[in-house]
Amino acid sequence: MPLQGIALQRRQSQDESTGGYKFAKLTGGVRDTLKPPRTRSATGITSLSQALWKPTPEAAKLWRSYASTDNDIPTLQRSFVLHSTKTIARSSFNMDAFAAYQALALTVRDQLIEHWNLTQQFHTSEDPKRVYYLSLEFLLGRTLDNAMLNLGLKEKFKEAIGGIGFNVEDCIEEEVDAALGNGGLGRLAACFMDSMASLDYPAWGYGIRYTYGIFQQGIVDGYQTEYPDYWLNFGNPWEIQRLDVSYDVFFRGYVNTIVDEDGNSRSVWEGGEKVVAVAYDYPIPGYGTKNTINIRLWSSKPAKEFDFASFNEGNYEKSVEEQNAAENITSVLYPNDNHYYFFVCATLQDIIRRFKKSHHPWSDFPDQVSIQLNDTHPTLGVAELQRILVDEEGLQWDDAWDIVTKTYSFTNHTVLPEALEKWPVPLMQELLPRHMMIIFDINLFFLQNVEKQFPQDRDRMRRMSIIEEAHPQQIRMAYLAVVGSHTVNGVAALHSELIRTELFQDFVEFYGAQKFTNVTNGVTPRRWLQQANPSLSSLIATTLGSNNFLKHLDELQNLKKFANDENFQKQWMAIKHQNKARLAHYIKQVLNVNVNPDALFDIQCKRLHEYKRQFMNILGTIHHYWYLKGLSKEELAKQVPRVSIFSGKSAPGYYVAKLVIKLINSVAAVVNNDEDIGDALKVIFIPNYNVSVAEILIPASDISQHISTAGTEASGTSNMKFVLNGGLILGTVDGANIEIGEEVGNENIWLFGALAHEVEDIRHDQRYHGVKMDPNLDKVLQSIMNDDFGDGSIYGPLLGTLHSDYYLVSKDFQPYLDSWKLIEETFKDKAGWARRSINAAASMGKFSSDRSIKEYAERIWKIEPSRLE
């Protein structure tokens with residue numbers, strides 16, 4: 001074995017001692033384990049001389065002829081039957097709907113992979129600057145329908161498998177959602193990947209392949225109950241397991257300092273526990289282009305799967321202990337701290353491997369690589385890249401740090417203090433000792449620069465320190481992301497202003513305002529209009545004369561000239577009614593509750609949290625219920641019937657949010673069985689909210705609620721999806737509601753409540769000046785405590801939050817009720833409502849994720865499209 005500090009790379013011929021294994025490269029004697037030989041595929045070569053297989057001209061011609069995938073009807077049918085009989089081993093006698101889905105998915109994937117391989121080879125040959133989008137969540141939803149639509153082949157596939165006796169829509173319903181995310185963060189990442197592909201940007205997404213995702217939500221006695229999401233039980237036809245792409249990831253160990261022959265010292269991270277990151281690739285097709293990019297997801301595997309010695313000793317649990325510990329890292333979304341580093345370590349090894357293929361000097365790294373941090377979860381990548389450059393590549397600290405800070409950019413998604421991630425220093429010292437040293441050094445050099453600019457301002461240094469002096473000390477990951485990035489952006493105009501003036505105000509004063517910018521979020525119209533609402537998409541295409549609006553969403557403004565056209569209004573509202581009827585059918589299937597599609601459908605579907613104020617919504621619903629109960633039959637018949645629909649998951653440990661779900665279901669149990677009011681009000685909670693459920697809910701809304709306390713919602717994107725589908729908004733002056741209001745006009749949105757700059761003064765008054773509770777709200781709370789909706793005592797912790805009322809439910813309650821009166825009066829005017837719906841949808845051009853991605857590409861990433869012809 002070589003001495004410490006000496007690098008070794010050696011091959012040994014196959015014999016009994018090595019069994020064909022080769023020694024891994026050793027840097028500083030750190031990683032001296034034997035590993036089986038790994039041969040990369042020829043995909044991604046930079047020249048023919050690098051090809052692993054060098055065919056004759058005849059063989060190459062033959063390869064091309066068979067590798068090409070035609071998309072004529074007979075070819076698609078043949079592929080479907082071959083996958084049915086050969087890949088999944090079914091015969092015509094046992095082909096059920098799920099088998100048909102599998103065969104169709106594999107047939108569609110054949111088309112994707114051809115474009116995917118050509119795209120990767122093209123990008124490698126062109127060697128453009130690439131962007132790498134790092135996100136712990138990609139909430140993709142179902143892939144089959146989206147892939148067929150983006151490929152432009154859905155009608156062909158309908159005809160192809162219809163001729164064999166199967167229905168495409170039935171196959172689509174068999175697919176389960178990929179459990180790779182939780183909420184808006186993951187769905188935004190999925191929209192962005194669709195836009196990057198559609199706009200021909202050379203891009204990669206990186207994430208984690210969760211075995212169980214977050215959880216499936218069931219409702220038992222009104223309470224949320226969590227179950228594992230076994231989304232991979234029957235395989236995932238869209239992923240490609242890349243056993244040839246795997247990287248070692250180390251934890252714990254210790255740090256040595258070694259000195260070379262020239263007297264230079266450097267740190268070496270020694271020993272520790274090892275797991276292996278294995279890549280799974282998920283092709284993402286662009287719309288109207290051959291460009292097909294990739295999300296690479298990492299799955300954790302043990303370095304040693306089975307301990308025979310322990311097994312032979314009868315210690316069966318210990319024999320698989322290492323395997324279980326390794327695989328737990330990627331089992332569940334947000335389970336522990338290990339998977340943050342696992343994710344960035346594997347990702348950076350892959351990015352650097354790709355960079356090195358082109359033989360650029362390290363100084364070119366920021367000109368070839370842009371890394372976007374989607375929130376703080378991947379922030380350890382800042383320290384990891386610095387470690388690689390200094391410890392493994394031998395760069396000087398300042399040169400390495402210059403590369404790091406020119407490579408990373410950071411998107412902040414929240415201003416809530418509890419959501420700004422912190423790591424205990426003792427945990428980091430145990431788990432990643434070298435990284436903790438690097439973070440201490442980053443902080444030291446940063447604070448030295450702060451002191452130069454602001455001498456004697458020690459309180460500023462304390463406020464800006466990456467290390468918070470708590471007990472124990474904490475690492476402020478958001479601060480590390482800011483310090484390690486060249487650009488920091490918020491995701492809506494108000495949010496970005498709050499970042500500059502409140503959250504990172506000290507950093508703005510230090511770096512200057514130019515480092516902090518805004519990129520308002522957007523959604524992909526391919527998923528949220530063409531796929532989720534095909535009838536509306538078809539009407540728009542027919543009216544405008546083409547599908548161009550799907551890539552140029554600002555063309556929707558041309559619909560405004562039809563907003564007063566009686567025939568167009570009828571077609572528009574007929575589609576809305578069809579979507580409401582579809583949702584009513586779904587509610588009947590899932591909950592066995594009948595709802596009237598002619599009623600006003602009021603929907604709030606999003607993650608349960610106090611700041612999103614589902615609590616205020618259900619309190620307002622209770623108030624409306626008692627109002628209806630006080631009417632005569634004649635008066636009741638004149639009311640606008642309403643269906644109040646909720647959907648969303650609470651974090652498993654968020655007790656107050658789970659009580660909101662319980663209250664919603666308890667109110668539903670009373671209201672939906674009250675014969676006195678009948679269809680005048682129904683309350684619905686749809687369990688297990690996911691992308692596929694959203695695709696049913698969003699096209700069916702008349703009103704959607706986005707009622708977060710002002711200054712708490714960064715942006716929101718469901719508001720954009722609802723309006724794009726002709727729904728109108730009831731919302732607060734928060735997040736993207738503000739910009740949506742500017743685009744659609746005051747006539748087509750109902751905004752209410754306290755403003756962001758007023759919130760702190762209101763909280764102060766509530767805390768110190770004894771502000772009385774809103775009287776209407778007080779009556780509602782009395783109703784709950786009087787057991788009108790079951791045992792009121794169980795809601796004590798929930799109702800107790802209104803004592804301090806941090807989220808201003810009481811302050812905003814009466815304006816909220818007043819807005820509802822205006823909405824109900826407006827809804828009675830059917831032609832006027834149709835006009836508002838059309839004008840609102842026609843004003844949504846700004847909120848395409850294509851616009852967002854162009855802004856990122858031009859202003860932050862500095863990348864150009866690279867179009868495969």
# chains A, B, ... in the order shown; residues from 1 in each chain; ligands from 1
call {"tool": "residues_around", "arguments": {"residues": "Glu825 (chain A)", "least_positions_apart": "3", "cutoff": "12 Å", "atoms": "only C-alpha atoms", "output": "list in words"}}
result
Leu600, Lys638, Gln639, Val640, Pro641, Asp818, Ser819, Trp820, Lys821, Leu822, Lys828, Asp829, Lys830, Gly832 and Trp833 of chain A
call {"tool": "residues_around", "arguments": {"residues": "Leu636 (chain A)", "least_positions_apart": "6", "cutoff": "8 Å", "atoms": "only C-alpha atoms", "output": "ChimeraX atom specification"}}
result
/A:628,677,680
call {"tool": "residues_around", "arguments": {"residues": "Ile740 (chain A)", "least_positions_apart": "5", "cutoff": "10 Å", "atoms": "only C-alpha atoms", "output": "list in words"}}
result
Asn719, Met720, Val723, Ile729, Gly735, Gly745, Asn746, Asn748, Ile749, Ala840, Ser843, Met844, Lys846 and Phe847 of chain A
call {"tool": "select_by_dssp", "arguments": {"residues": "region 525-737 of chain A", "states": "strand (DSSP E or B)", "output": "PDB file with N, CA and C atoms, in the first residue's frame"}}
result
ATOM      1  N   LEU A 600     -71.516  27.068  -7.722  1.00  0.00           N
ATOM      2  CA  LEU A 600     -70.216  27.740  -7.783  1.00  0.00           C
ATOM      3  C   LEU A 600     -69.180  26.821  -7.142  1.00  0.00           C
ATOM      4  N   PHE A 601     -68.175  26.425  -7.916  1.00  0.00           N
ATOM      5  CA  PHE A 601     -67.117  25.545  -7.406  1.00  0.00           C
ATOM      6  C   PHE A 601     -65.979  26.422  -6.879  1.00  0.00           C
ATOM      7  N   ASP A 602     -65.789  26.329  -5.566  1.00  0.00           N
ATOM      8  CA  ASP A 602     -64.773  27.115  -4.849  1.00  0.00           C
ATOM      9  C   ASP A 602     -63.702  26.135  -4.376  1.00  0.00           C
ATOM     10  N   ILE A 603     -62.461  26.327  -4.833  1.00  0.00           N
ATOM     11  CA  ILE A 603     -61.422  25.325  -4.596  1.00  0.00           C
ATOM     12  C   ILE A 603     -60.197  25.958  -3.949  1.00  0.00           C
ATOM     13  N   GLN A 604     -59.706  25.292  -2.909  1.00  0.00           N
ATOM     14  CA  GLN A 604     -58.398  25.623  -2.336  1.00  0.00           C
ATOM     15  C   GLN A 604     -57.627  24.316  -2.211  1.00  0.00           C
ATOM     16  N   CYS A 605     -56.644  24.132  -3.060  1.00  0.00           N
ATOM     17  CA  CYS A 605     -55.859  22.897  -3.038  1.00  0.00           C
ATOM     18  C   CYS A 605     -54.385  23.247  -2.980  1.00  0.00           C
ATOM     19  N   ARG A 642     -73.101  26.676  -3.475  1.00  0.00           N
ATOM     20  CA  ARG A 642     -71.642  26.670  -3.445  1.00  0.00           C
ATOM     21  C   ARG A 642     -71.123  25.293  -3.043  1.00  0.00           C
ATOM     22  N   VAL A 643     -70.057  24.846  -3.700  1.00  0.00           N
ATOM     23  CA  VAL A 643     -69.331  23.648  -3.301  1.00  0.00           C
ATOM     24  C   VAL A 643     -67.941  24.089  -2.881  1.00  0.00           C
ATOM     25  N   SER A 644     -67.641  23.976  -1.589  1.00  0.00           N
ATOM     26  CA  SER A 644     -66.328  24.368  -1.054  1.00  0.00           C
ATOM     27  C   SER A 644     -65.437  23.141  -1.023  1.00  0.00           C
ATOM     28  N   ILE A 645     -64.394  23.164  -1.837  1.00  0.00           N
ATOM     29  CA  ILE A 645     -63.544  21.990  -2.039  1.00  0.00           C
ATOM     30  C   ILE A 645     -62.147  22.275  -1.513  1.00  0.00           C
ATOM     31  N   PHE A 646     -61.662  21.385  -0.660  1.00  0.00           N
ATOM     32  CA  PHE A 646     -60.305  21.464  -0.114  1.00  0.00           C
ATOM     33  C   PHE A 646     -59.535  20.228  -0.543  1.00  0.00           C
ATOM     34  N   SER A 647     -58.227  20.403  -0.704  1.00  0.00           N
ATOM     35  CA  SER A 647     -57.361  19.244  -0.913  1.00  0.00           C
ATOM     36  C   SER A 647     -55.938  19.651  -0.582  1.00  0.00           C
ATOM     37  N   LEU A 681     -75.070  24.313  -0.027  1.00  0.00           N
ATOM     38  CA  LEU A 681     -73.663  24.265   0.385  1.00  0.00           C
ATOM     39  C   LEU A 681     -73.228  22.820   0.546  1.00  0.00           C
ATOM     40  N   LYS A 682     -72.107  22.491  -0.047  1.00  0.00           N
ATOM     41  CA  LYS A 682     -71.447  21.209   0.182  1.00  0.00           C
ATOM     42  C   LYS A 682     -69.988  21.487   0.527  1.00  0.00           C
ATOM     43  N   VAL A 683     -69.439  20.672   1.412  1.00  0.00           N
ATOM     44  CA  VAL A 683     -68.037  20.811   1.820  1.00  0.00           C
ATOM     45  C   VAL A 683     -67.331  19.506   1.504  1.00  0.00           C
ATOM     46  N   ILE A 684     -66.247  19.614   0.786  1.00  0.00           N
ATOM     47  CA  ILE A 684     -65.545  18.433   0.272  1.00  0.00           C
ATOM     48  C   ILE A 684     -64.068  18.511   0.620  1.00  0.00           C
ATOM     49  N   PHE A 685     -63.521  17.428   1.159  1.00  0.00           N
ATOM     50  CA  PHE A 685     -62.064  17.305   1.288  1.00  0.00           C
ATOM     51  C   PHE A 685     -61.634  16.098   0.460  1.00  0.00           C
ATOM     52  N   ILE A 686     -60.856  16.366  -0.591  1.00  0.00           N
ATOM     53  CA  ILE A 686     -60.384  15.301  -1.485  1.00  0.00           C
ATOM     54  C   ILE A 686     -59.026  14.829  -1.001  1.00  0.00           C
ATOM     55  N   ILE A 703     -64.014  29.704  -8.676  1.00  0.00           N
ATOM     56  CA  ILE A 703     -63.188  30.536  -7.801  1.00  0.00           C
ATOM     57  C   ILE A 703     -62.136  29.642  -7.160  1.00  0.00           C
ATOM     58  N   SER A 704     -60.911  30.122  -7.100  1.00  0.00           N
ATOM     59  CA  SER A 704     -59.886  29.437  -6.305  1.00  0.00           C
ATOM     60  C   SER A 704     -59.366  30.413  -5.273  1.00  0.00           C
ATOM     61  N   GLN A 705     -59.020  29.880  -4.112  1.00  0.00           N
ATOM     62  CA  GLN A 705     -58.592  30.724  -3.001  1.00  0.00           C
ATOM     63  C   GLN A 705     -57.086  30.645  -2.791  1.00  0.00           C
ATOM     64  N   HIS A 706     -56.465  31.824  -2.710  1.00  0.00           N
ATOM     65  CA  HIS A 706     -55.021  31.967  -2.473  1.00  0.00           C
ATOM     66  C   HIS A 706     -54.903  33.085  -1.440  1.00  0.00           C
ATOM     67  N   LEU A 728     -61.380  32.290 -11.623  1.00  0.00           N
ATOM     68  CA  LEU A 728     -61.055  33.588 -11.050  1.00  0.00           C
ATOM     69  C   LEU A 728     -60.528  33.410  -9.628  1.00  0.00           C
ATOM     70  N   ILE A 729     -59.827  34.421  -9.143  1.00  0.00           N
ATOM     71  CA  ILE A 729     -59.102  34.317  -7.873  1.00  0.00           C
ATOM     72  C   ILE A 729     -59.779  35.141  -6.787  1.00  0.00           C
ATOM     73  N   LEU A 730     -59.895  34.524  -5.612  1.00  0.00           N
ATOM     74  CA  LEU A 730     -60.116  35.243  -4.361  1.00  0.00           C
ATOM     75  C   LEU A 730     -58.808  35.146  -3.600  1.00  0.00           C
ATOM     76  N   GLY A 731     -58.161  36.280  -3.363  1.00  0.00           N
ATOM     77  CA  GLY A 731     -56.831  36.188  -2.778  1.00  0.00           C
ATOM     78  C   GLY A 731     -56.440  37.421  -1.986  1.00  0.00           C
ATOM     79  N   THR A 732     -55.347  37.281  -1.287  1.00  0.00           N
ATOM     80  CA  THR A 732     -54.737  38.395  -0.575  1.00  0.00           C
ATOM     81  C   THR A 732     -53.707  39.075  -1.464  1.00  0.00           C
TER      82      THR A 732
END
call {"tool": "atom_distance", "arguments": {"atom1": "CA of Ala147 (chain A)", "atom2": "CA of Thr542 (chain A)"}}
result
22.5 Å
call {"tool": "closest_residue", "arguments": {"among": "A:Gln814, A:Thr801, A:Asn592, A:Thr257", "to": "Val660 (chain A)", "atoms": "only C-alpha atoms"}}
result
A:Thr801
call {"tool": "atom_distance", "arguments": {"atom1": "CA of Lys772 (chain A)", "atom2": "CA of Ser708 (chain A)"}}
result
21.5 Å
call {"tool": "atom_distance", "arguments": {"atom1": "CA of Glu421 (chain A)", "atom2": "CA of Gly711 (chain A)"}}
result
18.9 Å
call {"tool": "residues_around", "arguments": {"residues": "Asn374 (chain A)", "least_positions_apart": "3", "cutoff": "6 Å", "atoms": "only C-alpha atoms", "output": "count of residues only"}}
result
3
